[in-house]
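Each remark here refers to the structure printed beneath this line.
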Amino acid sequence: MTHTDTPLVVAGRTLNSRLIIGTGKYQSYAQNAEALVASGAEMITVALRRVNLSDPTQERLVDHIDPSQYIFLPNTAGCFTGEDAVRTLRLAREAGGWDLVKLEVLSDPKHLYPDMEETLRATDMLVKDGFDVMVYCSDDPVYAKKLEAAGACAIMPLGAPIGSGLGVQNPVNIRLIIEEADVPVIVDAGVGTASDAAVAMELGCDGVLMNTAIAEAQDPIGMARAMKHAVIAGREAYLAGRMAKKRYADPSSPLAGLI
């Protein structure tokens, strides 16, 4: 039996690639653009506080990555209050007309886990203000449902702390979030290498967002290409359905009738 897949749809926007990459930590905008092409991603998240989008006197991201060719996803990296996040995204809408946004409201700078109370409050404010909000959150199934009820168009639980490269640390909770969600679930943060991306997709995630795993690889372009294939392979494995785990060996060839 062949399983046919459908594209990823977020707030009415159709994506053939289930990989989303970021714009931080690259050696240059040119390298970032080359990695984007290699990754096959169609959406790129942009930290408004760290990337030049509008000052024509300085090198700009948009000089290398065309907003008409890719979906720009403004994010609120570096925001620690709901008001700060809302203000940042309102500026993004004024600057580029973007209403599909990624919300993250952080708590402690050491671990960069989201402040879920503030995140939920900011989600409510942004949805009421007309934004389509993809929300970075902890791997908490209870809060994930609250965010969805508040109007989030995608739930983005962390696999591990931002930039850690530790991979998916709590597959049980990620799986619970997927089973309960009626919007796309995209693992965001913690991916370190291709196998981590494949694991996330094999759990049934709709996509994976990563930045450091590509930008800080020894060969970012090669890693971007590897992540492209890992996401595709993980998705296909999920659709195919893995074999059951067994306690003992089960020979591939029958033992009866041996000569």
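The way I read the labels, and the way they are meant: chains A, B, ... in the order of the structure tokens, residue 1 as the first residue of every chain, and ligand 1 as the first ligand shown, with later ones counted on from there.
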
Each region 48-164 of chain A residue no farther than 6 Å from region 171-191 of chain A, nearest pair in Å, only C-alpha atoms, as a Markdown table:
```
| residue | atom | partner | partner_atom | distance |
| --- | --- | --- | --- | --- |
| A:Asp139 | CA | A:Asn173 | CA | 6.0 |
| A:Pro141 | CA | A:Ile177 | CA | 4.9 |
| A:Ala154 | CA | A:Pro184 | CA | 4.9 |
| A:Ile155 | CA | A:Val185 | CA | 4.9 |
| A:Met156 | CA | A:Ile186 | CA | 4.7 |
| A:Pro157 | CA | A:Val187 | CA | 5.3 |
| A:Leu158 | CA | A:Asp188 | CA | 4.9 |
| A:Gly159 | CA | A:Gly190 | CA | 5.0 |
| A:Ala160 | CA | A:Gly190 | CA | 4.1 |
| A:Pro161 | CA | A:Gly190 | CA | 5.4 |
| A:Ile162 | CA | A:Ala189 | CA | 4.8 |
| A:Gly163 | CA | A:Gly190 | CA | 5.9 |
| A:Ser164 | CA | A:Gly190 | CA | 5.4 |
```

Residues of region 15-257 of chain A in alpha helix (DSSP H), written as a PyMOL selection string: chain A and resi 29-39+82-96+116-128+141-149+171-180+194-202+212-215+220-240

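Pairwise distance (CA of Gly167 (chain A), CA of Ala213 (chain A)) equals 10.0 Å.
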
field: Close residues, Ile44 (chain A) itself excluded, 9 Å, only C-alpha atoms, min 6 positions apart in chain, as number ranges by chain
entry: A: 20-23, 36, 70-74, 209

With N, CA, C and O atoms kept, could you save the residues just selected as a short mmCIF file (atom, residue, chain, number, x, y, z; two decimals), in the first residue's frame?
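To be explicit, this is the file written out as result-v8.cif:
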```cif
data_model
loop_
_atom_site.label_atom_id
_atom_site.label_comp_id
_atom_site.auth_asym_id
_atom_site.auth_seq_id
_atom_site.Cartn_x
_atom_site.Cartn_y
_atom_site.Cartn_z
N ILE A 20 12.20 24.44 7.56
CA ILE A 20 12.27 25.89 7.68
C ILE A 20 13.64 26.21 8.28
O ILE A 20 14.06 25.57 9.24
N ILE A 21 14.34 27.19 7.71
CA ILE A 21 15.65 27.53 8.26
C ILE A 21 15.67 28.99 8.71
O ILE A 21 14.78 29.77 8.37
N GLY A 22 16.71 29.32 9.48
CA GLY A 22 16.81 30.66 10.04
C GLY A 22 17.86 31.51 9.36
O GLY A 22 18.41 31.17 8.30
N THR A 23 18.16 32.65 10.00
CA THR A 23 19.07 33.64 9.40
C THR A 23 20.14 34.11 10.38
O THR A 23 20.77 35.14 10.15
N LEU A 36 20.09 28.27 2.04
CA LEU A 36 18.65 28.22 1.80
C LEU A 36 18.34 27.46 0.52
O LEU A 36 17.46 26.59 0.49
N TYR A 70 10.54 33.70 -1.46
CA TYR A 70 10.48 32.91 -0.23
C TYR A 70 9.51 33.56 0.75
O TYR A 70 9.29 34.77 0.71
N ILE A 71 8.96 32.74 1.63
CA ILE A 71 8.10 33.27 2.68
C ILE A 71 8.99 33.71 3.84
O ILE A 71 9.68 32.89 4.45
N PHE A 72 8.99 34.99 4.13
CA PHE A 72 9.72 35.51 5.28
C PHE A 72 8.83 35.37 6.52
O PHE A 72 7.68 35.77 6.51
N LEU A 73 9.41 34.81 7.57
CA LEU A 73 8.68 34.61 8.82
C LEU A 73 9.36 35.44 9.91
O LEU A 73 10.31 34.98 10.54
N PRO A 74 8.89 36.66 10.14
CA PRO A 74 9.49 37.48 11.20
C PRO A 74 9.31 36.81 12.56
O PRO A 74 8.25 36.26 12.85
N LEU A 209 12.06 23.25 12.17
CA LEU A 209 12.73 24.54 12.00
C LEU A 209 14.09 24.46 12.67
O LEU A 209 14.21 23.98 13.79
#
```

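Ranking A:Val142, A:Glu118, A:Ser107, A:Met125 by their shortest atom-to-atom distance to Arg87 (chain A), with only C-alpha atoms included, puts A:Met125 first.
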
statement: Counting only C-alpha atoms, the residue among A:Gln69, A:Thr193, A:Thr119, A:Gln58 that lies closest to Met223 (chain A) is A:Thr193

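Here the DSSP assignment of strand (DSSP E), based on backbone atoms, applies within region 116-207 of chain A to Asp132, Val133, Met134, Val135, Tyr136, Cys137, Ala154, Ile155, Met156, Pro157, Ile186, Val187, Asp188 and Gly207 of chain A.
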
query: Any idea what's packed within 9 Å of region 8-16 of chain A, counting only C-alpha atoms, ignoring anything in its chain fewer than 3 positions away? Could you give it as a count of residues only?
result: 13

- line: Among A:Pro114, A:Gly234, A:Pro7, A:Gly40, Thr81 (chain A) is approached most closely, using only C-alpha atoms, by A:Pro114
